[in-house]
$ cat coords_34.pdb   # PDB, C-alpha atoms and all ligand atoms
ATOM      1  CA  MET A  44       0.000   0.000   0.000
ATOM      2  CA  MET A  45       2.789   2.335   1.051
ATOM      3  CA  SER A  46       4.785   1.611  -2.093
ATOM      4  CA  THR A  47       1.697   2.134  -4.297
ATOM      5  CA  ASP A  48       1.344   5.661  -2.889
ATOM      6  CA  LEU A  49       5.033   6.227  -3.537
ATOM      7  CA  TYR A  50       4.637   4.980  -7.118
ATOM      8  CA  VAL A  51       1.782   7.431  -7.723
ATOM      9  CA  LEU A  52       3.829  10.273  -6.216
ATOM     10  CA  PHE A  53       6.807   9.410  -8.396
ATOM     11  CA  GLN A  54       4.951  10.104 -11.647
ATOM     12  CA  PRO A  55       4.521  13.903 -11.342
ATOM     13  CA  PHE A  56       8.065  13.944  -9.942
ATOM     14  CA  VAL A  57       9.628  12.298 -13.043
ATOM     15  CA  LEU A  58       7.554  14.613 -15.236
ATOM     16  CA  LEU A  59       8.970  17.607 -13.345
ATOM     17  CA  VAL A  60      12.515  16.231 -13.564
ATOM     18  CA  GLY A  61      11.954  15.850 -17.322
ATOM     19  CA  LEU A  62      10.813  19.473 -17.681
ATOM     20  CA  VAL A  63      13.896  20.749 -15.822
ATOM     21  CA  ILE A  64      16.250  18.511 -17.848
ATOM     22  CA  GLY A  65      14.446  19.797 -20.961
ATOM     23  CA  SER A  66      15.513  23.303 -19.960
ATOM     24  CA  PHE A  67      19.119  22.110 -19.828
ATOM     25  CA  LEU A  68      18.749  20.350 -23.209
ATOM     26  CA  ASN A  69      17.809  23.767 -24.641
ATOM     27  CA  VAL A  70      21.156  25.081 -23.376
ATOM     28  CA  CYS A  71      22.905  22.130 -25.085
ATOM     29  CA  ILE A  72      20.983  22.650 -28.339
ATOM     30  CA  GLN A  73      22.021  26.299 -28.412
ATOM     31  CA  ARG A  74      25.646  25.888 -27.373
ATOM     32  CA  LEU A  75      26.949  22.484 -28.564
ATOM     33  CA  PRO A  76      27.156  23.568 -32.239
ATOM     34  CA  GLU A  77      28.987  26.749 -31.130
ATOM     35  CA  ASP A  78      31.403  24.857 -28.842
ATOM     36  CA  ARG A  79      30.375  27.021 -25.863
ATOM     37  CA  SER A  80      30.358  26.023 -22.182
ATOM     38  CA  LEU A  81      27.294  24.069 -21.068
ATOM     39  CA  ILE A  82      27.302  25.513 -17.551
ATOM     40  CA  PRO A  83      23.977  27.347 -17.428
ATOM     41  CA  ASN A  84      24.493  31.083 -16.838
ATOM     42  CA  SER A  85      21.158  32.176 -18.174
ATOM     43  CA  ALA A  86      21.248  35.509 -19.938
ATOM     44  CA  CYS A  87      19.102  36.880 -22.751
ATOM     45  CA  GLU A  88      20.775  35.977 -26.087
ATOM     46  CA  SER A  89      19.780  39.424 -27.375
ATOM     47  CA  CYS A  90      20.355  42.038 -24.616
ATOM     48  CA  GLY A  91      22.584  39.974 -22.292
ATOM     49  CA  THR A  92      20.488  40.714 -19.187
ATOM     50  CA  ARG A  93      20.753  37.988 -16.559
ATOM     51  CA  ILE A  94      17.502  36.012 -16.425
ATOM     52  CA  GLN A  95      16.086  35.675 -12.907
ATOM     53  CA  ALA A  96      15.098  32.288 -11.479
ATOM     54  CA  TYR A  97      11.374  33.129 -11.641
ATOM     55  CA  ASP A  98      11.659  33.546 -15.418
ATOM     56  CA  LEU A  99      13.314  30.146 -15.852
ATOM     57  CA  ILE A 100      10.372  27.877 -14.998
ATOM     58  CA  PRO A 101      10.037  25.319 -17.824
ATOM     59  CA  VAL A 102       7.138  25.978 -20.225
ATOM     60  CA  ALA A 103       5.307  28.270 -17.720
ATOM     61  CA  SER A 104       7.784  31.170 -18.017
ATOM     62  CA  TYR A 105       7.559  31.140 -21.802
ATOM     63  CA  LEU A 106       3.768  31.369 -21.609
ATOM     64  CA  LEU A 107       3.789  34.073 -18.881
ATOM     65  CA  LEU A 108       6.311  36.186 -20.816
ATOM     66  CA  ARG A 109       4.353  35.518 -24.042
ATOM     67  CA  GLY A 110       7.556  34.378 -25.757
ATOM     68  CA  LYS A 111       9.479  37.645 -25.234
ATOM     69  CA  CYS A 112      12.458  38.742 -23.093
ATOM     70  CA  ARG A 113      11.242  40.636 -19.990
ATOM     71  CA  HIS A 114      13.792  43.430 -20.624
ATOM     72  CA  CYS A 115      14.289  43.911 -24.361
ATOM     73  CA  ASP A 116      11.184  42.207 -25.841
ATOM     74  CA  ALA A 117      13.410  40.078 -28.113
ATOM     75  CA  PRO A 118      11.443  36.966 -29.128
ATOM     76  CA  ILE A 119      12.306  33.732 -27.313
ATOM     77  CA  GLY A 120      12.369  30.723 -29.658
ATOM     78  CA  GLY A 121       9.113  28.754 -29.661
ATOM     79  CA  HIS A 122      11.131  25.542 -29.713
ATOM     80  CA  LEU A 123      12.203  26.136 -26.087
ATOM     81  CA  PRO A 124       8.875  25.264 -24.389
ATOM     82  CA  LEU A 125       8.279  22.472 -26.953
ATOM     83  CA  ILE A 126      11.613  20.798 -26.126
ATOM     84  CA  GLU A 127      10.856  21.174 -22.392
ATOM     85  CA  ALA A 128       7.366  19.660 -22.745
ATOM     86  CA  LEU A 129       8.664  16.839 -24.977
ATOM     87  CA  THR A 130      11.470  16.015 -22.528
ATOM     88  CA  GLY A 131       8.993  15.945 -19.618
ATOM     89  CA  LEU A 132       6.701  13.607 -21.566
ATOM     90  CA  VAL A 133       9.567  11.301 -22.584
ATOM     91  CA  SER A 134      10.809  11.149 -18.965
ATOM     92  CA  TRP A 135       7.350   9.975 -17.843
ATOM     93  CA  LEU A 136       6.918   7.526 -20.758
ATOM     94  CA  VAL A 137      10.295   5.878 -20.060
ATOM     95  CA  PHE A 138       9.394   5.705 -16.345
ATOM     96  CA  VAL A 139       6.065   3.901 -16.845
ATOM     97  CA  LYS A 140       7.640   1.597 -19.456
ATOM     98  CA  LEU A 141      10.590   0.494 -17.305
ATOM     99  CA  ILE A 142       8.750   0.692 -13.952
ATOM    100  CA  PRO A 143       5.224  -0.519 -14.825
ATOM    101  CA  ASP A 144       3.998  -0.843 -11.220
ATOM    102  CA  ALA A 145       4.892  -0.300  -7.564
ATOM    103  CA  ALA A 146       6.450  -3.776  -7.281
ATOM    104  CA  HIS A 147       9.183  -2.690  -9.714
ATOM    105  CA  LEU A 148      10.006   0.556  -7.929
ATOM    106  CA  ASP A 149      13.538  -0.165  -6.685
ATOM    107  CA  ILE A 150      17.070   1.133  -7.160
ATOM    108  CA  ALA A 151      17.805  -1.113 -10.172
ATOM    109  CA  HIS A 152      14.697   0.014 -12.068
ATOM    110  CA  LEU A 153      15.191   3.681 -11.144
ATOM    111  CA  ALA A 154      18.770   3.417 -12.440
ATOM    112  CA  ALA A 155      17.410   1.952 -15.686
ATOM    113  CA  TRP A 156      15.018   4.901 -15.967
ATOM    114  CA  GLY A 157      17.988   7.275 -15.459
ATOM    115  CA  VAL A 158      20.060   5.533 -18.135
ATOM    116  CA  TYR A 159      17.345   5.355 -20.809
ATOM    117  CA  PHE A 160      15.889   8.768 -20.084
ATOM    118  CA  GLY A 161      19.476  10.071 -20.436
ATOM    119  CA  PHE A 162      19.772   8.188 -23.732
ATOM    120  CA  CYS A 163      16.501   9.735 -24.974
ATOM    121  CA  SER A 164      17.763  13.195 -23.915
ATOM    122  CA  LEU A 165      20.775  12.717 -26.198
ATOM    123  CA  LEU A 166      18.378  11.764 -29.010
ATOM    124  CA  ILE A 167      16.344  14.974 -28.540
ATOM    125  CA  VAL A 168      19.453  17.195 -28.611
ATOM    126  CA  LEU A 169      21.095  15.563 -31.618
ATOM    127  CA  SER A 170      17.859  15.493 -33.648
ATOM    128  CA  TYR A 171      17.317  19.212 -33.209
ATOM    129  CA  VAL A 172      20.962  20.088 -33.908
ATOM    130  CA  ASP A 173      21.047  17.801 -36.973
ATOM    131  CA  ILE A 174      17.868  19.316 -38.439
ATOM    132  CA  LYS A 175      19.089  22.881 -37.809
ATOM    133  CA  HIS A 176      22.831  22.619 -38.522
ATOM    134  CA  ARG A 177      23.146  19.293 -40.395
ATOM    135  CA  ILE A 178      25.718  18.006 -37.909
ATOM    136  CA  ILE A 179      25.540  15.500 -35.084
ATOM    137  CA  PRO A 180      27.701  16.696 -32.151
ATOM    138  CA  ASP A 181      30.317  14.136 -31.018
ATOM    139  CA  GLN A 182      29.174  14.748 -27.428
ATOM    140  CA  THR A 183      25.818  13.175 -28.300
ATOM    141  CA  SER A 184      27.220  10.270 -30.326
ATOM    142  CA  ILE A 185      30.753   8.863 -30.146
ATOM    143  CA  TYR A 186      31.671  10.421 -26.772
ATOM    144  CA  ALA A 187      28.534   8.856 -25.264
ATOM    145  CA  ILE A 188      29.621   5.284 -26.187
ATOM    146  CA  PRO A 189      31.815   4.679 -23.081
ATOM    147  CA  PHE A 190      28.960   6.003 -20.926
ATOM    148  CA  GLY A 191      26.705   3.445 -22.625
ATOM    149  CA  PHE A 192      29.102   0.593 -21.794
ATOM    150  CA  ALA A 193      29.483   1.824 -18.193
ATOM    151  CA  ALA A 194      25.700   2.205 -17.780
ATOM    152  CA  ILE A 195      25.066  -1.363 -19.005
ATOM    153  CA  VAL A 196      27.701  -2.744 -16.590
ATOM    154  CA  LEU A 197      26.131  -0.737 -13.739
ATOM    155  CA  LEU A 198      22.605  -2.014 -14.533
ATOM    156  CA  ASN A 199      23.975  -5.587 -14.614
ATOM    157  CA  GLN A 200      25.628  -5.073 -11.240
ATOM    158  CA  LEU A 201      22.358  -3.776  -9.789
ATOM    159  CA  GLY A 202      20.573  -6.829 -11.172
ATOM    160  CA  TYR A 203      18.280  -4.947 -13.565
ATOM    161  CA  ASP A 204      16.314  -7.542 -15.573
ATOM    162  CA  GLY A 205      13.426  -5.601 -17.162
ATOM    163  CA  TRP A 206      12.869  -4.310 -20.707
ATOM    164  CA  LEU A 207      16.123  -3.299 -22.486
ATOM    165  CA  ALA A 208      18.271  -5.276 -20.026
ATOM    166  CA  ILE A 209      21.304  -6.476 -22.019
ATOM    167  CA  GLY A 210      24.713  -7.792 -21.096
ATOM    168  CA  TRP A 211      27.971  -5.956 -21.754
ATOM    169  CA  ARG A 212      28.749  -8.289 -24.678
ATOM    170  CA  GLN A 213      25.526  -7.203 -26.420
ATOM    171  CA  SER A 214      26.511  -3.599 -25.746
ATOM    172  CA  VAL A 215      30.059  -3.876 -27.173
ATOM    173  CA  LEU A 216      28.929  -5.997 -30.132
ATOM    174  CA  GLY A 217      26.103  -3.551 -30.793
ATOM    175  CA  ALA A 218      28.483  -0.579 -31.054
ATOM    176  CA  LEU A 219      30.973  -2.454 -33.267
ATOM    177  CA  PHE A 220      28.384  -4.085 -35.524
ATOM    178  CA  ALA A 221      26.206  -0.985 -36.036
ATOM    179  CA  GLY A 222      29.190   1.317 -36.614
ATOM    180  CA  GLY A 223      30.828  -1.161 -39.029
ATOM    181  CA  PHE A 224      27.614  -1.879 -40.897
ATOM    182  CA  PHE A 225      26.811   1.810 -41.422
ATOM    183  CA  LYS A 226      30.416   2.582 -42.421
ATOM    184  CA  ALA A 227      30.194  -0.102 -45.120
ATOM    185  CA  ALA A 228      26.751   1.141 -46.179
ATOM    186  CA  ALA A 229      28.089   4.718 -46.407
ATOM    187  CA  ILE A 230      30.953   3.634 -48.697
ATOM    188  CA  ILE A 231      28.602   1.643 -50.973
ATOM    189  CA  ALA A 232      25.979   4.425 -51.047
ATOM    190  CA  LYS A 233      28.606   7.033 -51.967
ATOM    191  CA  ALA A 234      29.934   4.829 -54.786
ATOM    192  CA  MET A 235      26.399   4.395 -56.170
ATOM    193  CA  ALA A 236      24.955   7.881 -55.671
ATOM    194  CA  GLY A 237      28.145   9.891 -56.210
ATOM    195  CA  TYR A 238      27.610  11.989 -53.090
ATOM    196  CA  ASP A 239      27.413  11.415 -49.342
ATOM    197  CA  THR A 240      24.017  10.136 -48.274
ATOM    198  CA  LEU A 241      25.215   8.784 -44.943
ATOM    199  CA  GLY A 242      27.710  10.957 -43.106
ATOM    200  CA  LEU A 243      30.330   9.894 -40.580
ATOM    201  CA  GLY A 244      27.995  11.474 -38.001
ATOM    202  CA  ASP A 245      25.397   8.768 -38.726
ATOM    203  CA  VAL A 246      28.052   6.037 -38.320
ATOM    204  CA  LYS A 247      29.065   7.357 -34.864
ATOM    205  CA  LEU A 248      25.371   7.725 -34.012
ATOM    206  CA  VAL A 249      24.359   4.106 -34.662
ATOM    207  CA  ALA A 250      27.497   2.899 -32.842
ATOM    208  CA  MET A 251      26.223   4.839 -29.798
ATOM    209  CA  PHE A 252      22.760   3.244 -30.216
ATOM    210  CA  GLY A 253      24.420  -0.184 -30.239
ATOM    211  CA  ALA A 254      26.159   0.535 -26.923
ATOM    212  CA  PHE A 255      22.827   1.374 -25.221
ATOM    213  CA  LEU A 256      20.442  -1.023 -27.019
ATOM    214  CA  GLY A 257      22.585  -4.067 -27.782
ATOM    215  CA  VAL A 258      23.106  -5.700 -31.146
ATOM    216  CA  PHE A 259      20.061  -7.944 -31.326
ATOM    217  CA  PRO A 260      17.263  -7.149 -31.772
ATOM    218  CA  GLY A 261      17.910  -3.568 -30.487
ATOM    219  CA  VAL A 262      20.213  -1.731 -32.851
ATOM    220  CA  ILE A 263      19.421  -3.939 -35.875
ATOM    221  CA  TRP A 264      15.737  -3.161 -35.474
ATOM    222  CA  VAL A 265      16.425   0.570 -35.001
ATOM    223  CA  MET A 266      18.703   0.724 -38.082
ATOM    224  CA  MET A 267      16.026  -0.969 -40.202
ATOM    225  CA  LEU A 268      13.137   1.212 -39.051
ATOM    226  CA  GLY A 269      15.255   4.412 -39.011
ATOM    227  CA  SER A 270      16.621   3.852 -42.531
ATOM    228  CA  ILE A 271      13.155   3.222 -43.970
ATOM    229  CA  LEU A 272      11.735   6.256 -42.135
ATOM    230  CA  GLY A 273      14.676   8.478 -43.201
ATOM    231  CA  SER A 274      14.382   7.407 -46.851
ATOM    232  CA  VAL A 275      10.613   7.952 -47.019
ATOM    233  CA  VAL A 276      10.791  11.386 -45.341
ATOM    234  CA  GLY A 277      13.844  12.303 -47.454
ATOM    235  CA  ILE A 278      12.192  11.348 -50.764
ATOM    236  CA  ILE A 279       8.994  13.242 -49.878
ATOM    237  CA  ALA A 280      10.988  16.311 -48.706
ATOM    238  CA  THR A 281      13.126  16.262 -51.859
ATOM    239  CA  ILE A 282      10.046  16.140 -54.123
ATOM    240  CA  VAL A 283       8.017  18.722 -52.170
ATOM    241  CA  LEU A 284      10.873  21.173 -51.514
ATOM    242  CA  ARG A 285      12.583  20.555 -54.899
ATOM    243  CA  ARG A 286      16.046  20.863 -53.497
ATOM    244  CA  ARG A 287      19.227  18.815 -53.448
ATOM    245  CA  PRO A 288      18.464  15.392 -52.015
ATOM    246  CA  TRP A 289      18.738  15.353 -48.252
ATOM    247  CA  MET A 290      18.117  12.226 -46.252
ATOM    248  CA  PRO A 291      17.396  13.113 -42.608
ATOM    249  CA  PHE A 292      18.884   9.851 -41.327
ATOM    250  CA  GLY A 293      20.072  11.278 -37.980
ATOM    251  CA  PRO A 294      16.642  12.423 -36.725
ATOM    252  CA  ALA A 295      14.896   9.387 -38.303
ATOM    253  CA  LEU A 296      17.290   6.965 -36.573
ATOM    254  CA  ALA A 297      16.841   8.900 -33.314
ATOM    255  CA  ALA A 298      13.050   8.699 -33.639
ATOM    256  CA  ALA A 299      13.291   4.944 -34.275
ATOM    257  CA  ALA A 300      15.561   4.518 -31.219
ATOM    258  CA  MET A 301      13.170   6.478 -28.996
ATOM    259  CA  PHE A 302      10.238   4.445 -30.305
ATOM    260  CA  TYR A 303      12.190   1.268 -29.516
ATOM    261  CA  VAL A 304      12.832   2.370 -25.912
ATOM    262  CA  VAL A 305       9.171   3.228 -25.282
ATOM    263  CA  TYR A 306       7.261   0.678 -27.437
ATOM    264  CA  GLY A 307       9.903  -1.754 -28.736
ATOM    265  CA  ASP A 308       8.860  -4.614 -26.456
ATOM    266  CA  VAL A 309       5.323  -4.511 -27.894
ATOM    267  CA  VAL A 310       6.658  -4.605 -31.465
ATOM    268  CA  VAL A 311       9.334  -7.225 -30.812
ATOM    269  CA  GLN A 312       6.964  -9.572 -28.976
ATOM    270  CA  GLY A 313       3.939  -8.855 -31.165
ATOM    271  CA  PHE A 314       5.487  -9.009 -34.623
ATOM    272  CA  PHE A 315       8.711 -10.951 -34.167
ATOM    273  CA  PRO A 316       7.999 -13.425 -31.346
ATOM    274  CA  VAL A 317      10.730 -15.702 -32.691
ATOM    275  CA  LEU A 318      13.271 -12.886 -32.522
ATOM    276  CA  ALA A 319      12.206 -12.121 -28.944
ATOM    277  CA  LEU A 320      12.815 -15.745 -27.934
ATOM    278  CA  TRP A 321      16.185 -15.740 -29.635
ATOM    279  CA  ALA A 322      17.223 -12.546 -27.861
ATOM    280  CA  VAL A 323      16.578 -14.138 -24.449
TER     281      VAL A 323
HETATM  282 ZN    ZN A 401      16.660  40.601 -23.707
END
$ encode --input "coords_34.pdb" --output "structure tokens"
Amino acid sequence: MMSTDLYVLFQPFVLLVGLVIGSFLNVCIQRLPEDRSLIPNSACESCGTRIQAYDLIPVASYLLLRGKCRHCDAPIGGHLPLIEALTGLVSWLVFVKLIPDAAHLDIAHLAAWGVYFGFCSLLIVLSYVDIKHRIIPDQTSIYAIPFGFAAIVLLNQLGYDGWLAIGWRQSVLGALFAGGFFKAAAIIAKAMAGYDTLGLGDVKLVAMFGAFLGVFPGVIWVMMLGSILGSVVGIIATIVLRRRPWMPFGPALAAAAMFYVVYGDVVVQGFFPVLALWAV
């Protein structure tokens, strides 16, 4: 009974944590492409006035200020509250997926929530930066790989055995296989198309996915779904916008990876029961 109350209380808490982390992701989105420090020292990007704590409440401050700086009226990007709301939602979705009821509310499962919510936070940052600047920051891809390995070892040590639980071998193999496979695919695609369709950024990205999701079915499934999604969106965008072909593989792969974290068990067990058995 006690733990059920605690479980109910935890849900608004993880939502709140998500909103606050979303605020920090906005700092990363702004500064990673410019190689600036990520230590938040909130000041208006336009007039440089220090922003007070009461104007830094996720989503609410944007609405109260009607999207403008309190001092100089410079518009505040509308993506800021959207990223905060999305991050809050993802935090809660990962929580209820990995900790489905009060009986699973323990240190091991909370650690798993931390790891996979952190993973999804990387996905949000890199998708936005890739769409805006056409680059995937190393901090959100290759530099995150050792953290993926360490996180998997930690979850093993804690005895985590729920959805997404993989061993360190799956993690290492996942990074090597996904990175190698995409590198080969990039070389073949360039030879056939004559220009880069898959960048080195995408190779580092799927290697990072492999470290967190394991080789099978995790990263293989994500590469399949992400590539199909990226190609379809890319072909439609190229036709509609009539510009040089651009395949948004980074964001599409990230969307597939996030979908896998939140709904992958349903898909794996529902559509590929044989694969699910094999993976165990
Ligand atoms: Zn200002």
$ atom_distance --input "coords_34.pdb" --atom1 "CA of Met235 in chain A" --atom2 "CA of Ala295 in chain A"
21.8 Å
$ closest_residue --input "coords_34.pdb" --among "A:Met290, A:Val51, A:Ala145, A:Ile167" --to "Leu68 in chain A" --atoms "only C-alpha atoms"
A:Ile167
$ atom_distance --input "coords_34.pdb" --atom1 "CA of Tyr50 in chain A" --atom2 "CA of Leu141 in chain A"
12.6 Å
$ resolve_selection --input "coords_34.pdb" --expression "the PyMOL selection byres (((chain A and resi 102) around 9) and not hetatm)" --output "PyMOL selection string"
chain A and resi 62+66+99-101+103-107+123-125+127-128
$ residues_around --input "coords_34.pdb" --residues "Tyr159 in chain A" --least-positions-apart "5" --cutoff "10 Å" --atoms "only C-alpha atoms" --output "list in words"
Val133, Ser134, Val137, Phe138, Leu141, Ala154, Ser164, Leu165, Gly191, Ala194, Leu207, Phe255, Leu256, Met301, Val304 and Val305 of chain A
$ closest_atom_pairs --input "coords_34.pdb" --of "chain A" --to "ligand ZN 401 (chain A)" --cutoff "7 Å" --atoms "all atoms listed in the file" --output "Markdown table"
| residue | atom | partner | partner_atom | distance |
| --- | --- | --- | --- | --- |
| A:Cys87 | CA | A:ZN401 | ZN | 4.6 |
| A:Glu88 | CA | A:ZN401 | ZN | 6.6 |
| A:Ser89 | CA | A:ZN401 | ZN | 5.0 |
| A:Cys90 | CA | A:ZN401 | ZN | 4.1 |
| A:Gly91 | CA | A:ZN401 | ZN | 6.1 |
| A:Thr92 | CA | A:ZN401 | ZN | 5.9 |
| A:Cys112 | CA | A:ZN401 | ZN | 4.6 |
| A:Arg113 | CA | A:ZN401 | ZN | 6.6 |
| A:His114 | CA | A:ZN401 | ZN | 5.1 |
| A:Cys115 | CA | A:ZN401 | ZN | 4.1 |
| A:Asp116 | CA | A:ZN401 | ZN | 6.1 |
| A:Ala117 | CA | A:ZN401 | ZN | 5.5 |
$ residues_around --input "coords_34.pdb" --residues "Ser214 in chain A" --least-positions-apart "4" --cutoff "8 Å" --atoms "all atoms listed in the file" --output "list in words"
Gly191, Phe192, Ile195, Ile209, Gly210, Ala218, Gly253, Ala254, Phe255, Leu256, Gly257 and Val258 of chain A
$ residues_around --input "coords_34.pdb" --residues "Leu169 in chain A" --least-positions-apart "2" --cutoff "12 Å" --atoms "all atoms listed in the file" --output "ChimeraX atom specification"
/A:68-69,71-73,75-76,162-167,171-185,187,244-245,247-248,291-298
$ atom_distance --input "coords_34.pdb" --atom1 "CA of Ala155 in chain A" --atom2 "CA of Tyr203 in chain A"
7.3 Å
